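Peer 1: Shown below is the structure under consideration.
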Amino acid sequence: MGYSFETGITKVLTTVDYVIFALILSISAGIGIFYAIKDRRRKNIQDFLMAGRNMSVAPVALSLVASFMSAITLLGTPAEMYNYTTMYWYIGISYFFVAYGSAHIYLPIFYHLRVTSLYEYLERRFSKGVRTMGSVTFSVQMLLYMAIVLYAPSLALNAVTGFSLWGSVISVGVVCTLYTALGGMKAVLWTDTFQIGMMFTGMIAVLIKGAITVGGIGKAWEIAERNDRVYFTDFSPDPAIRHSAWSLAIGGYFTWVAIYGTNQAQVQRACACPTLRKAQIALWFNFPGLCFILYLSCMIGIVLYAFYSMCDPLGFHLITASDQLLPLFVMDILGDVTGLPGIFIASIFSGALSTISSGLNSLAAVFLEDVVKAYIGKGISEARATNISKICALVFGVICLGLTYIASLLGGVLQAALSLFGMIGGPLLGLFSLGMFFPWANKWGAYSGVLSGLVFMFWIGIGAQVHKPPANRPRAPINMTNCNWNITTTTMATTVASFNNSFSTSATTTYYDYSNMTTTFTTAAPQIERSADYTLYCNAL
């Protein structure tokens, strides 16, 4: 594997890979243009924001699966398997209860009210002020989340493959904004359907090729089990533990029911179905769909660990963040096959496209209903309302691009996304639940509940970023015994020889904790980074 610390590039992408990426963007843009032309004579705002409330189950279901299990899951879950253990598998249990809760508890209320913005319910139940508070909170949540989804995969792919960071950020953001603004909800649903197919294709290809490389899934599982990656028996009630069966099953339910039950982007698309029953079926299809993506990503993480079981790329400073593990793995196993790295890149950005397009469409709906119609006037024409929604999608797309820098400060992809939804989505879920389940609650209870919830959750979330909690469950052990160097210069030979000698004399055990690895490489890493040319070969098996 050719690698340079100065450029961060491994196995340079070919022209075919870039063509595939451009083709994915072109197809997505083409779908938006198609529906913009097809529906050019329709100026009904319900057609633009709700697809006329007449969409079939399949595209709605696939779109619901794609949006919030996108690039975040594809990059974060394999890294979770690599760094920690298989405890994260337990979150799949929560998906069943999420499907039930969102389809049969929350959705019927919104569907029967025929609302476009969920926050219309809050005005009917509490007051206009509560409605505004809810819609503003959601808008902040979605803008930050979209920035993470857009920036994180671009950064990870840039660090490992040399794929243009800002080129990918701008191209994906611009294309997604344009087809969402042009085609509306129909474009979002059908592009999501295409993009979920790309996500499945790319990840299945990675799993199959990776499994073949390491000698089969059974061998990969055996290697992971032998090295303490396979662990399913943490049933501790301690909430400070990173992952336990209870925190994942119960905490996972509240995290995801806030998304599927009370999030504008998800409920808006479910309400695009012609009947409540079809909307509920679309939500129920998410249970197997979410489980498939989750466990596919988990198995890729197991195979990824088996591949690097004898040479940890993080400990060896080959990469700088866990989010880069999967792109590095793909370049190692697929880098010699023309076009396949491009398919993987397309699958990652397909996930980003589906999330951002859904978010932009929902933000346009919220601004139109909760700001323009609520405070300026409900009597605006359908054509003007449609134009305002399109402009809103464009403006929010530009804001999303501007927030990508903030996303770079939020840490790991999976943790940042789940933390964000916990901090903001939790109080919003509590607000809707307060109105639905407690008939004696009034607007003052709603105000105090949301504001105190946001303050408390941000205190916890930001505090955890500033002052890292103690690691009461250390990362699973890593191995450095088969990291071999092929020296290409005399200067590099001297540096690496010294490095290898210090490593071999200091190593007292086969496996190392990350805290130990940091100490081991503190003085060696700068010497390696200042060296000129070299070729690193990592013997993974």
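Residue numbers start at 1 in each chain; chains themselves are named A, B, ... in the order of the structure tokens; ligands are numbered from 1 in the order shown.
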Skipping near chain neighbours, those fewer than 3 positions away, what residues fall within 10 Å of A:Ser362 using only C-alpha atoms, listed as a list in words?
Peer 2: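 Residues near the query, excluding close chain neighbours: Leu49, Met50, Thr116, Ser117, Phe138, Ser139, Met142, Met185, Asn263, Gln264, Ala265, Gln266, Val267, Gln268, Arg269, Ile356, Ser357, Ser358, Gly359, Ala365, Val366, Phe367, Leu368, Ser389 and Ala393 of chain A.
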Peer 1: Using only C-alpha atoms, please write the residues we just selected to a file, as a PDB file, in the first residue's frame.
Peer 2:
```pdb
ATOM      1  CA  LEU A  49     -43.761  19.658   0.148  1.00  0.00           C
ATOM      2  CA  MET A  50     -45.921  16.515   0.528  1.00  0.00           C
ATOM      3  CA  THR A 116     -47.609  19.959   6.933  1.00  0.00           C
ATOM      4  CA  SER A 117     -45.418  21.096   9.833  1.00  0.00           C
ATOM      5  CA  PHE A 138     -35.720  21.569  15.191  1.00  0.00           C
ATOM      6  CA  SER A 139     -34.175  23.907  12.615  1.00  0.00           C
ATOM      7  CA  MET A 142     -31.207  19.711  11.429  1.00  0.00           C
ATOM      8  CA  MET A 185     -40.668  16.008  -2.103  1.00  0.00           C
ATOM      9  CA  ASN A 263     -38.914  14.578  13.615  1.00  0.00           C
ATOM     10  CA  GLN A 264     -40.288  16.771  10.823  1.00  0.00           C
ATOM     11  CA  ALA A 265     -38.148  15.171   8.099  1.00  0.00           C
ATOM     12  CA  GLN A 266     -39.387  11.644   8.824  1.00  0.00           C
ATOM     13  CA  VAL A 267     -43.023  12.292   9.684  1.00  0.00           C
ATOM     14  CA  GLN A 268     -43.445  14.643   6.713  1.00  0.00           C
ATOM     15  CA  ARG A 269     -42.494  11.820   4.329  1.00  0.00           C
ATOM     16  CA  ILE A 356     -29.330  16.529   3.377  1.00  0.00           C
ATOM     17  CA  SER A 357     -32.145  16.519   0.807  1.00  0.00           C
ATOM     18  CA  SER A 358     -34.656  15.322   3.394  1.00  0.00           C
ATOM     19  CA  GLY A 359     -33.441  17.929   5.850  1.00  0.00           C
ATOM     20  CA  ALA A 365     -41.792  23.217   5.123  1.00  0.00           C
ATOM     21  CA  VAL A 366     -41.160  24.426   8.666  1.00  0.00           C
ATOM     22  CA  PHE A 367     -40.148  27.930   7.574  1.00  0.00           C
ATOM     23  CA  LEU A 368     -43.144  28.296   5.285  1.00  0.00           C
ATOM     24  CA  SER A 389     -40.335  27.007  -0.241  1.00  0.00           C
ATOM     25  CA  ALA A 393     -34.376  25.190   0.386  1.00  0.00           C
TER      26      ALA A 393
END
```
Peer 1: From a DSSP calculation on the backbone, collect every residue of stretch 67-171 of chain A in alpha helix (DSSP H) and output the set as a ChimeraX atom specification.
Peer 2: /A:67-68,71-83,91-101,107-113,119-125,128-161,165-171
Peer 1: Calculated over only C-alpha atoms, which of the candidates A:Ser67, A:Ser26, A:Ser381, A:Asn54 has the smallest distance to A:Leu290?
Peer 2: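 So, comparing all the options, the nearest one is A:Ser67.
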Peer 1: Contacts of A:Ile37 at 12 Å or less, counting only C-alpha atoms, minus same-chain residues fewer than 4 places along, as a list in words?
Peer 2: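 Near A:Ile37, the qualifying residues are Gly30, Ile31, Gly32, Ile33, Arg41, Arg42, Tyr179, Leu182, Gly183, Gly184 and Ala187 of chain A.
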Peer 1: Report the distance between atom CA of A:Asp234 and atom CA of A:Ala249 in Å, rounded to one decimal place.
Peer 2: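 Separation between atom CA of A:Asp234 and atom CA of A:Ala249: 12.2 Å.
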Peer 1: Which residue is closest to A:Phe235? Choose from A:Ile148, A:Cys291, A:Met87, A:Ile343 and count only C-alpha atoms.
Peer 2: A:Met87
Peer 1: Would you please work out which residue, of A:Tyr88, A:Phe432, A:Phe458, A:Phe254, is nearest to A:Val130 when using only C-alpha atoms?
Peer 2: A:Phe432
Peer 1: Just checking: using only C-alpha atoms, which residue out of A:Ala99, A:Ala476, A:Asp39, A:Leu13 ends up closest to A:Ile281?
Peer 2: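 Answer, going by the shortest atom-to-atom distance: A:Ala99.
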